[in-house]
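Engineer: Okay, so here is final_24.cif, and as you'll see once you scroll down, it has mmCIF, C-alpha atoms.
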data_my_file
loop_
_atom_site.label_atom_id
_atom_site.label_comp_id
_atom_site.auth_asym_id
_atom_site.auth_seq_id
_atom_site.Cartn_x
_atom_site.Cartn_y
_atom_site.Cartn_z
CA MET A 1 107.15 157.72 85.30
CA ALA A 2 104.72 154.81 85.48
CA ASP A 3 105.30 152.38 88.35
CA GLN A 4 104.66 148.84 87.12
CA THR A 5 104.82 147.47 90.67
CA GLN A 6 101.32 148.88 91.16
CA PRO A 7 98.28 147.00 89.84
CA ALA A 8 96.00 148.83 87.41
CA PRO A 9 94.00 151.47 89.31
CA ALA A 10 90.27 151.19 89.79
CA VAL A 11 88.16 152.77 87.09
CA SER A 12 87.05 155.44 89.57
CA ASP A 13 90.71 156.28 90.29
CA VAL A 14 91.60 156.98 86.67
CA PRO A 15 91.31 160.61 85.56
CA LYS A 16 88.65 161.14 82.91
CA PRO A 17 89.76 162.45 79.52
CA ASN A 18 89.59 166.22 79.25
CA ASP A 19 86.58 167.32 77.17
CA GLU A 20 88.68 170.15 75.75
CA THR A 21 91.19 167.82 74.10
CA SER A 22 91.13 167.09 70.41
CA PRO A 23 89.21 164.01 69.16
CA GLY A 24 92.45 162.07 68.67
CA GLU A 25 93.48 162.68 72.27
CA LYS A 26 90.09 162.20 73.93
CA ASN A 27 90.73 158.57 74.96
CA LYS A 28 94.31 159.15 76.00
CA PHE A 29 94.83 158.90 79.76
CA LYS A 30 97.64 160.43 81.77
CA VAL A 31 100.36 158.19 83.18
CA TYR A 32 99.89 159.58 86.68
CA THR A 33 96.68 159.34 88.71
CA ARG A 34 97.67 161.10 91.98
CA THR A 35 95.73 158.40 93.88
CA GLY A 36 98.92 157.02 95.42
CA ASP A 37 100.27 160.33 96.68
CA GLY A 38 99.22 159.48 100.21
CA GLY A 39 101.43 156.39 100.31
CA SER A 40 98.82 153.74 99.55
CA SER A 41 97.75 151.90 96.42
CA CYS A 42 95.05 149.57 95.22
CA LEU A 43 95.38 145.83 94.63
CA PHE A 44 93.52 143.95 91.90
CA ASN A 45 90.85 142.95 94.43
CA MET A 46 90.25 146.71 95.00
CA GLU A 47 91.76 146.58 98.50
CA ARG A 48 93.94 149.57 99.37
CA ARG A 49 97.18 148.94 101.23
CA GLU A 50 100.20 150.97 102.24
CA LYS A 51 102.95 150.94 99.61
CA ASP A 52 105.44 149.34 102.00
CA ASP A 53 103.09 146.38 102.54
CA VAL A 54 104.57 142.91 101.94
CA ILE A 55 102.42 142.54 98.81
CA PHE A 56 103.88 145.64 97.19
CA GLU A 57 107.39 144.65 98.28
CA ALA A 58 106.91 141.35 96.44
CA LEU A 59 105.44 143.11 93.39
CA GLY A 60 108.43 145.43 93.25
CA GLU A 61 110.87 142.53 93.30
CA VAL A 62 108.98 140.72 90.53
CA ASP A 63 109.04 143.91 88.47
CA GLU A 64 112.82 144.13 88.90
CA VAL A 65 113.23 140.61 87.51
CA GLY A 66 111.42 141.61 84.34
CA VAL A 67 113.58 144.72 83.96
CA ALA A 68 116.80 142.73 84.49
CA ILE A 69 115.71 140.19 81.87
CA GLY A 70 114.92 143.04 79.46
CA ILE A 71 118.47 144.37 79.84
CA ALA A 72 119.93 140.92 79.26
CA LYS A 73 117.72 140.48 76.18
CA VAL A 74 119.13 143.67 74.63
CA PHE A 75 122.63 142.20 74.85
CA VAL A 76 121.50 138.77 73.61
CA ASP A 77 119.94 140.45 70.57
CA ALA A 78 123.07 142.50 69.95
CA ARG A 79 125.14 139.31 69.91
CA TRP A 80 123.22 137.74 67.03
CA GLY A 81 122.17 140.97 65.28
CA GLY A 82 118.51 140.97 66.28
CA GLY A 83 116.32 143.77 67.51
CA GLY A 84 115.36 145.22 64.11
CA SER A 85 115.39 148.86 63.13
CA ARG A 86 114.22 151.67 65.35
CA ASP A 87 111.53 154.22 64.57
CA GLY A 88 112.88 157.52 63.34
CA HIS A 89 115.87 156.09 61.48
CA ASP A 90 116.18 156.83 57.78
CA ASP A 91 116.32 154.21 55.02
CA ASP A 92 120.11 154.34 54.69
CA ASP A 93 120.52 153.70 58.40
CA ASP A 94 118.03 150.82 58.27
CA ALA A 95 119.93 149.31 55.31
CA GLY A 96 123.15 149.51 57.28
CA ARG A 97 121.54 147.85 60.27
CA LYS A 98 120.18 145.09 58.01
CA GLU A 99 123.65 144.44 56.57
CA LEU A 100 125.14 144.30 60.06
CA SER A 101 122.34 141.99 61.20
CA GLU A 102 122.94 139.58 58.30
CA LYS A 103 126.65 139.54 59.10
CA HIS A 104 125.91 138.55 62.69
CA GLU A 105 123.25 136.03 61.68
CA ASN A 106 125.66 134.06 59.50
CA ARG A 107 128.43 134.03 62.09
CA GLU A 108 129.01 130.60 63.57
CA SER A 109 128.50 130.20 67.29
CA LYS A 110 130.65 127.91 69.42
CA ILE A 111 127.68 125.58 69.86
CA ALA A 112 128.19 122.76 67.38
CA GLY A 113 126.19 123.21 64.17
CA LEU A 114 124.48 126.46 65.18
CA THR A 115 124.92 129.97 63.84
CA ALA A 116 124.76 132.83 66.32
CA ARG A 117 121.19 133.50 65.21
CA ALA A 118 120.10 129.86 65.52
CA ALA A 119 121.57 129.69 69.00
CA LEU A 120 120.39 133.00 70.40
CA GLU A 121 117.21 134.09 68.62
CA PRO A 122 115.10 131.38 70.33
CA LEU A 123 116.52 132.49 73.68
CA SER A 124 115.54 136.08 72.92
CA THR A 125 111.98 134.93 72.17
CA ARG A 126 111.90 132.96 75.40
CA LEU A 127 113.12 135.89 77.46
CA ALA A 128 110.29 138.02 76.06
CA GLU A 129 107.84 135.22 76.90
CA ILE A 130 109.17 135.13 80.47
CA GLN A 131 108.71 138.89 80.81
CA SER A 132 105.03 138.45 79.96
CA ARG A 133 104.70 135.58 82.42
CA LEU A 134 106.23 137.76 85.11
CA MET A 135 103.44 140.25 84.50
CA ASP A 136 101.05 137.35 85.18
CA VAL A 137 103.01 136.54 88.35
CA GLY A 138 102.50 140.16 89.40
CA SER A 139 98.76 139.86 88.80
CA ALA A 140 98.65 136.74 90.99
CA VAL A 141 100.62 138.42 93.77
CA ALA A 142 98.35 141.49 93.56
CA THR A 143 95.28 139.32 94.16
CA PRO A 144 95.48 137.89 97.71
CA LEU A 145 93.63 134.57 97.68
CA ASP A 146 92.20 135.17 101.17
CA ASN A 147 90.31 138.25 100.00
CA ALA A 148 89.42 137.87 96.32
CA SER A 149 86.30 136.86 94.45
CA ASP A 150 86.19 133.56 92.56
CA ALA A 151 86.08 135.50 89.29
CA LYS A 152 89.28 137.37 90.09
CA LYS A 153 90.97 134.17 91.26
CA ARG A 154 90.14 132.53 87.93
CA ARG A 155 91.42 135.54 86.01
CA VAL A 156 94.85 135.53 87.69
CA HIS A 157 95.26 131.75 87.90
CA PHE A 158 98.86 130.81 87.11
CA SER A 159 99.24 127.45 85.36
CA GLU A 160 101.76 124.78 86.30
CA THR A 161 102.45 124.39 82.57
CA HIS A 162 104.64 127.50 82.73
CA VAL A 163 106.91 125.69 85.19
CA ASP A 164 107.03 122.66 82.89
CA GLU A 165 107.99 124.91 79.99
CA LEU A 166 110.97 126.33 81.88
CA GLU A 167 112.13 122.82 82.72
CA ARG A 168 112.02 121.81 79.04
CA TRP A 169 114.11 124.83 78.11
CA ILE A 170 116.62 124.09 80.87
CA ASP A 171 117.02 120.50 79.67
CA GLU A 172 117.45 121.67 76.07
CA TYR A 173 120.26 124.11 76.88
CA ASP A 174 121.88 121.73 79.33
CA GLU A 175 122.43 119.21 76.52
CA SER A 176 124.76 121.70 74.79
CA LEU A 177 126.83 122.44 77.90
CA PRO A 178 129.70 120.62 79.59
CA PRO A 179 128.74 118.91 82.87
CA LEU A 180 128.81 121.26 85.83
CA LYS A 181 131.43 119.96 88.28
CA ASN A 182 132.36 123.16 90.14
CA PHE A 183 130.87 126.44 91.19
CA ILE A 184 131.39 129.06 88.48
CA LEU A 185 131.77 132.81 88.83
CA PRO A 186 129.23 135.04 87.04
CA GLY A 187 130.65 136.69 83.93
CA GLY A 188 131.83 135.30 80.61
CA ASN A 189 130.40 138.05 78.40
CA GLU A 190 127.91 140.89 78.77
CA GLU A 191 124.74 138.93 78.13
CA SER A 192 125.86 136.13 80.46
CA ALA A 193 126.65 138.60 83.25
CA PHE A 194 123.27 140.29 82.91
CA LEU A 195 121.45 136.95 82.91
CA HIS A 196 123.24 136.12 86.16
CA MET A 197 122.07 139.46 87.53
CA ALA A 198 118.50 138.60 86.51
CA ARG A 199 118.96 135.24 88.26
CA THR A 200 119.78 136.92 91.57
CA ALA A 201 116.76 139.21 91.14
CA ALA A 202 114.57 136.12 90.62
CA ARG A 203 115.93 134.60 93.83
CA ARG A 204 115.16 137.81 95.70
CA ALA A 205 111.62 137.89 94.32
CA GLU A 206 111.17 134.26 95.34
CA ARG A 207 112.21 135.08 98.91
CA ARG A 208 109.56 137.82 99.01
CA VAL A 209 106.79 135.57 97.66
CA VAL A 210 107.54 132.50 99.84
CA PRO A 211 105.98 134.03 103.00
CA LEU A 212 102.87 134.96 101.02
CA ALA A 213 102.50 131.39 99.75
CA ARG A 214 103.08 130.06 103.27
CA GLU A 215 100.11 132.11 104.46
CA GLU A 216 98.11 130.92 101.39
CA ILE A 217 97.83 134.47 100.09
CA VAL A 218 99.54 133.44 96.83
CA ASP A 219 99.36 130.08 95.06
CA GLN A 220 102.42 127.87 95.63
CA VAL A 221 102.88 127.45 91.86
CA VAL A 222 104.06 131.08 91.71
CA VAL A 223 106.92 130.20 94.06
CA LYS A 224 107.74 127.17 91.93
CA TYR A 225 107.88 129.34 88.81
CA LEU A 226 110.27 131.86 90.36
CA ASN A 227 112.41 129.02 91.70
CA ARG A 228 112.62 127.35 88.31
CA LEU A 229 113.16 130.71 86.61
CA SER A 230 116.40 131.26 88.51
CA ASP A 231 117.56 127.81 87.38
CA PHE A 232 116.68 128.70 83.79
CA LEU A 233 118.53 132.01 83.92
CA TYR A 234 121.60 130.27 85.35
CA THR A 235 121.56 127.74 82.51
CA ALA A 236 120.87 130.43 79.92
CA ALA A 237 123.83 132.45 81.22
CA ARG A 238 126.08 129.45 80.73
CA PHE A 239 124.60 128.83 77.28
CA VAL A 240 125.20 132.34 75.92
CA ALA A 241 128.75 132.29 77.24
CA ALA A 242 129.35 128.94 75.57
CA ALA A 243 127.83 130.17 72.29
CA ASP A 244 130.33 133.03 72.31
CA GLY A 245 133.27 130.79 73.20
CA ALA A 246 133.73 132.50 76.57
CA ARG A 247 135.52 130.39 79.15
CA GLU A 248 133.79 129.77 82.47
CA THR A 249 135.75 130.97 85.50
CA ILE A 250 135.84 128.30 88.21
CA TYR A 251 135.50 129.25 91.85
CA CYS A 252 138.71 128.64 93.80
CA LYS A 253 138.68 128.21 97.57
CA ALA A 254 141.11 130.38 99.50
CA ARG A 255 144.28 128.60 100.56
#
Could I get this file's structure written as structure tokens?

Structural biologist:
Amino acid sequence: MADQTQPAPAVSDVPKPNDETSPGEKNKFKVYTRTGDGGSSCLFNMERREKDDVIFEALGEVDEVGVAIGIAKVFVDARWGGGGSRDGHDDDDDAGRKELSEKHENRESKIAGLTARAALEPLSTRLAEIQSRLMDVGSAVATPLDNASDAKKRRVHFSETHVDELERWIDEYDESLPPLKNFILPGGNEESAFLHMARTAARRAERRVVPLAREEIVDQVVVKYLNRLSDFLYTAARFVAAADGARETIYCKAR
């Protein structure tokens, strides 16, 4: 299985297509390269490091955030009927899925004036956007600033505008939520619980990247993005629970 914690291998590391393959398969590369079998891998700046290096530890944590968000997105889509049809399903099955989707789309959410689709489809789009930005975060982490060419630094530059975008989304969702006066326990419904899980993964990734930023190996804006991402996921978890009418469970101190 492909390991997305590893940057793309060098061209010389990638197996060449087999000349004996058919024309349609000639440009198809294998998922595995065997170049990491010795326990090392190559960064974007072409530097090889051991796989338990702090850079790869950080890359692995960032990868886990994207996976956790993908799981949450599946449940968000199921709540409003999104996701579309799957390949390999016949027309009757697709028609049934469409009917079910329309039923969900027209269902009112518990957010005033919004259907389930109006409330949750934009969130689904934003979660997919975040997954792509996390791939960019991985590229930045895989390119240590103390040992990269100016061209590679420009290519993996991570813009502060991505942080600003998360803040706008947080403010938007926060307007629909009751003021937060107590600590709440993760849960509510499936999508909320999985967004909370993604939040904790984002915090863990942030803790791995902070030392790299401290040593100026990674740009500080990457830390800011991961920090703000956990805030966004927390707010999004509250939002999807509220849209479903799920009651928040308040933390109670032991007596």

Engineer: For atom CA of Lys73 of chain A and atom CA of Pro178 of chain A, determine how far apart the two atoms are, in Å to one decimal place.

Structural biologist: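 Atom-to-atom, atom CA of Lys73 of chain A to atom CA of Pro178 of chain A, that is 23.4 Å.
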
Engineer: Starting from the PyMOL selection byres ((chain A and resi 142) around 10), expand the selection into actual residues of this file and give them as a ChimeraX atom specification.

Structural biologist: /A:5-8,42-47,55-56,58-59,136-141,143-145,156,217-218

Engineer: If the PyMOL selection byres ((chain A and resi 241-254) around 7) is run on the structure shown, which residues does it catch, given as a PyMOL selection string?

Structural biologist: chain A and resi 109-111+182-185+188-189+192+237-240+255

Engineer: Evaluate the PyMOL selection byres ((chain A and resi 124-132) around 12) on the structure here and hand back the selected residues as a PyMOL selection string.

Structural biologist: chain A and resi 62-83+116-123+133-139+162-163+165-166+168-170+191+195+198+202+225-226+228-230+232-233+236-237+240

Engineer: Any chance you could export the current selection's C-alpha atoms as a JSON list (two decimals), in the coordinates of the input?

Structural biologist:
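What follows is the written file out.json:
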[["chain", "number", "residue", "atom", "x", "y", "z"],
["A", 62, "VAL", "CA", 108.98, 140.72, 90.53],
["A", 63, "ASP", "CA", 109.04, 143.91, 88.47],
["A", 64, "GLU", "CA", 112.82, 144.13, 88.90],
["A", 65, "VAL", "CA", 113.23, 140.61, 87.51],
["A", 66, "GLY", "CA", 111.42, 141.61, 84.34],
["A", 67, "VAL", "CA", 113.58, 144.72, 83.96],
["A", 68, "ALA", "CA", 116.80, 142.73, 84.49],
["A", 69, "ILE", "CA", 115.71, 140.19, 81.87],
["A", 70, "GLY", "CA", 114.92, 143.04, 79.46],
["A", 71, "ILE", "CA", 118.47, 144.37, 79.84],
["A", 72, "ALA", "CA", 119.93, 140.92, 79.26],
["A", 73, "LYS", "CA", 117.72, 140.48, 76.18],
["A", 74, "VAL", "CA", 119.13, 143.67, 74.63],
["A", 75, "PHE", "CA", 122.63, 142.20, 74.85],
["A", 76, "VAL", "CA", 121.50, 138.77, 73.61],
["A", 77, "ASP", "CA", 119.94, 140.45, 70.57],
["A", 78, "ALA", "CA", 123.07, 142.50, 69.95],
["A", 79, "ARG", "CA", 125.14, 139.31, 69.91],
["A", 80, "TRP", "CA", 123.22, 137.74, 67.03],
["A", 81, "GLY", "CA", 122.17, 140.97, 65.28],
["A", 82, "GLY", "CA", 118.51, 140.97, 66.28],
["A", 83, "GLY", "CA", 116.32, 143.77, 67.51],
["A", 116, "ALA", "CA", 124.76, 132.83, 66.32],
["A", 117, "ARG", "CA", 121.19, 133.50, 65.21],
["A", 118, "ALA", "CA", 120.10, 129.86, 65.52],
["A", 119, "ALA", "CA", 121.57, 129.69, 69.00],
["A", 120, "LEU", "CA", 120.39, 133.00, 70.40],
["A", 121, "GLU", "CA", 117.21, 134.09, 68.62],
["A", 122, "PRO", "CA", 115.10, 131.38, 70.33],
["A", 123, "LEU", "CA", 116.52, 132.49, 73.68],
["A", 133, "ARG", "CA", 104.70, 135.58, 82.42],
["A", 134, "LEU", "CA", 106.23, 137.76, 85.11],
["A", 135, "MET", "CA", 103.44, 140.25, 84.50],
["A", 136, "ASP", "CA", 101.05, 137.35, 85.18],
["A", 137, "VAL", "CA", 103.01, 136.54, 88.35],
["A", 138, "GLY", "CA", 102.50, 140.16, 89.40],
["A", 139, "SER", "CA", 98.76, 139.86, 88.80],
["A", 162, "HIS", "CA", 104.64, 127.50, 82.73],
["A", 163, "VAL", "CA", 106.91, 125.69, 85.19],
["A", 165, "GLU", "CA", 107.99, 124.91, 79.99],
["A", 166, "LEU", "CA", 110.97, 126.33, 81.88],
["A", 168, "ARG", "CA", 112.02, 121.81, 79.04],
["A", 169, "TRP", "CA", 114.11, 124.83, 78.11],
["A", 170, "ILE", "CA", 116.62, 124.09, 80.87],
["A", 191, "GLU", "CA", 124.74, 138.93, 78.13],
["A", 195, "LEU", "CA", 121.45, 136.95, 82.91],
["A", 198, "ALA", "CA", 118.50, 138.60, 86.51],
["A", 202, "ALA", "CA", 114.57, 136.12, 90.62],
["A", 225, "TYR", "CA", 107.88, 129.34, 88.81],
["A", 226, "LEU", "CA", 110.27, 131.86, 90.36],
["A", 228, "ARG", "CA", 112.62, 127.35, 88.31],
["A", 229, "LEU", "CA", 113.16, 130.71, 86.61],
["A", 230, "SER", "CA", 116.40, 131.26, 88.51],
["A", 232, "PHE", "CA", 116.68, 128.70, 83.79],
["A", 233, "LEU", "CA", 118.53, 132.01, 83.92],
["A", 236, "ALA", "CA", 120.87, 130.43, 79.92],
["A", 237, "ALA", "CA", 123.83, 132.45, 81.22],
["A", 240, "VAL", "CA", 125.20, 132.34, 75.92]]

Engineer: Ranking A:Val54, A:Leu180, A:Ala193, A:Val31 by minimum distance to Glu215 of chain A and counting only C-alpha atoms, which one comes first?

Structural biologist: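 Smallest separation from Glu215 of chain A among the options: A:Val54.
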
Engineer: Reconstruct N, CA, C and O atoms of segment 226-242 of chain A; output as a PDB file, keeping the file's coordinate frame.

Structural biologist:
ATOM      1  N   LEU A 226     109.121 131.000  90.087  1.00  0.00           N
ATOM      2  CA  LEU A 226     110.270 131.860  90.360  1.00  0.00           C
ATOM      3  C   LEU A 226     111.508 131.029  90.684  1.00  0.00           C
ATOM      4  O   LEU A 226     112.635 131.381  90.300  1.00  0.00           O
ATOM      5  N   ASN A 227     111.295 129.924  91.385  1.00  0.00           N
ATOM      6  CA  ASN A 227     112.410 129.020  91.700  1.00  0.00           C
ATOM      7  C   ASN A 227     113.010 128.425  90.431  1.00  0.00           C
ATOM      8  O   ASN A 227     114.231 128.431  90.223  1.00  0.00           O
ATOM      9  N   ARG A 228     112.152 127.944  89.561  1.00  0.00           N
ATOM     10  CA  ARG A 228     112.620 127.350  88.310  1.00  0.00           C
ATOM     11  C   ARG A 228     113.193 128.413  87.376  1.00  0.00           C
ATOM     12  O   ARG A 228     114.107 128.146  86.604  1.00  0.00           O
ATOM     13  N   LEU A 229     112.660 129.625  87.454  1.00  0.00           N
ATOM     14  CA  LEU A 229     113.160 130.710  86.610  1.00  0.00           C
ATOM     15  C   LEU A 229     114.623 131.003  86.916  1.00  0.00           C
ATOM     16  O   LEU A 229     115.422 131.218  85.999  1.00  0.00           O
ATOM     17  N   SER A 230     114.994 131.011  88.178  1.00  0.00           N
ATOM     18  CA  SER A 230     116.400 131.260  88.510  1.00  0.00           C
ATOM     19  C   SER A 230     117.291 130.162  87.962  1.00  0.00           C
ATOM     20  O   SER A 230     118.408 130.422  87.502  1.00  0.00           O
ATOM     21  N   ASP A 231     116.800 128.920  87.974  1.00  0.00           N
ATOM     22  CA  ASP A 231     117.560 127.810  87.380  1.00  0.00           C
ATOM     23  C   ASP A 231     117.707 128.009  85.872  1.00  0.00           C
ATOM     24  O   ASP A 231     118.778 127.756  85.295  1.00  0.00           O
ATOM     25  N   PHE A 232     116.617 128.450  85.232  1.00  0.00           N
ATOM     26  CA  PHE A 232     116.680 128.700  83.790  1.00  0.00           C
ATOM     27  C   PHE A 232     117.671 129.797  83.459  1.00  0.00           C
ATOM     28  O   PHE A 232     118.476 129.671  82.519  1.00  0.00           O
ATOM     29  N   LEU A 233     117.637 130.887  84.204  1.00  0.00           N
ATOM     30  CA  LEU A 233     118.530 132.010  83.920  1.00  0.00           C
ATOM     31  C   LEU A 233     119.983 131.630  84.141  1.00  0.00           C
ATOM     32  O   LEU A 233     120.877 132.091  83.418  1.00  0.00           O
ATOM     33  N   TYR A 234     120.245 130.779  85.118  1.00  0.00           N
ATOM     34  CA  TYR A 234     121.600 130.270  85.350  1.00  0.00           C
ATOM     35  C   TYR A 234     122.072 129.464  84.138  1.00  0.00           C
ATOM     36  O   TYR A 234     123.175 129.655  83.625  1.00  0.00           O
ATOM     37  N   THR A 235     121.212 128.566  83.666  1.00  0.00           N
ATOM     38  CA  THR A 235     121.560 127.740  82.510  1.00  0.00           C
ATOM     39  C   THR A 235     121.693 128.581  81.254  1.00  0.00           C
ATOM     40  O   THR A 235     122.603 128.370  80.445  1.00  0.00           O
ATOM     41  N   ALA A 236     120.799 129.555  81.079  1.00  0.00           N
ATOM     42  CA  ALA A 236     120.870 130.430  79.920  1.00  0.00           C
ATOM     43  C   ALA A 236     122.149 131.261  79.928  1.00  0.00           C
ATOM     44  O   ALA A 236     122.756 131.507  78.872  1.00  0.00           O
ATOM     45  N   ALA A 237     122.584 131.686  81.111  1.00  0.00           N
ATOM     46  CA  ALA A 237     123.830 132.450  81.220  1.00  0.00           C
ATOM     47  C   ALA A 237     125.018 131.605  80.782  1.00  0.00           C
ATOM     48  O   ALA A 237     125.913 132.085  80.071  1.00  0.00           O
ATOM     49  N   ARG A 238     125.015 130.356  81.169  1.00  0.00           N
ATOM     50  CA  ARG A 238     126.080 129.450  80.730  1.00  0.00           C
ATOM     51  C   ARG A 238     126.010 129.228  79.222  1.00  0.00           C
ATOM     52  O   ARG A 238     127.032 129.170  78.531  1.00  0.00           O
ATOM     53  N   PHE A 239     124.787 129.113  78.699  1.00  0.00           N
ATOM     54  CA  PHE A 239     124.600 128.830  77.280  1.00  0.00           C
ATOM     55  C   PHE A 239     125.114 129.976  76.404  1.00  0.00           C
ATOM     56  O   PHE A 239     125.810 129.746  75.414  1.00  0.00           O
ATOM     57  N   VAL A 240     124.764 131.219  76.765  1.00  0.00           N
ATOM     58  CA  VAL A 240     125.200 132.340  75.920  1.00  0.00           C
ATOM     59  C   VAL A 240     126.704 132.526  75.987  1.00  0.00           C
ATOM     60  O   VAL A 240     127.336 132.930  75.006  1.00  0.00           O
ATOM     61  N   ALA A 241     127.290 132.214  77.132  1.00  0.00           N
ATOM     62  CA  ALA A 241     128.750 132.290  77.240  1.00  0.00           C
ATOM     63  C   ALA A 241     129.395 131.221  76.362  1.00  0.00           C
ATOM     64  O   ALA A 241     130.373 131.488  75.642  1.00  0.00           O
ATOM     65  N   ALA A 242     128.823 130.024  76.397  1.00  0.00           N
ATOM     66  CA  ALA A 242     129.350 128.940  75.570  1.00  0.00           C
ATOM     67  C   ALA A 242     129.202 129.242  74.093  1.00  0.00           C
ATOM     68  O   ALA A 242     130.096 128.965  73.283  1.00  0.00           O
TER      69      ALA A 242
END
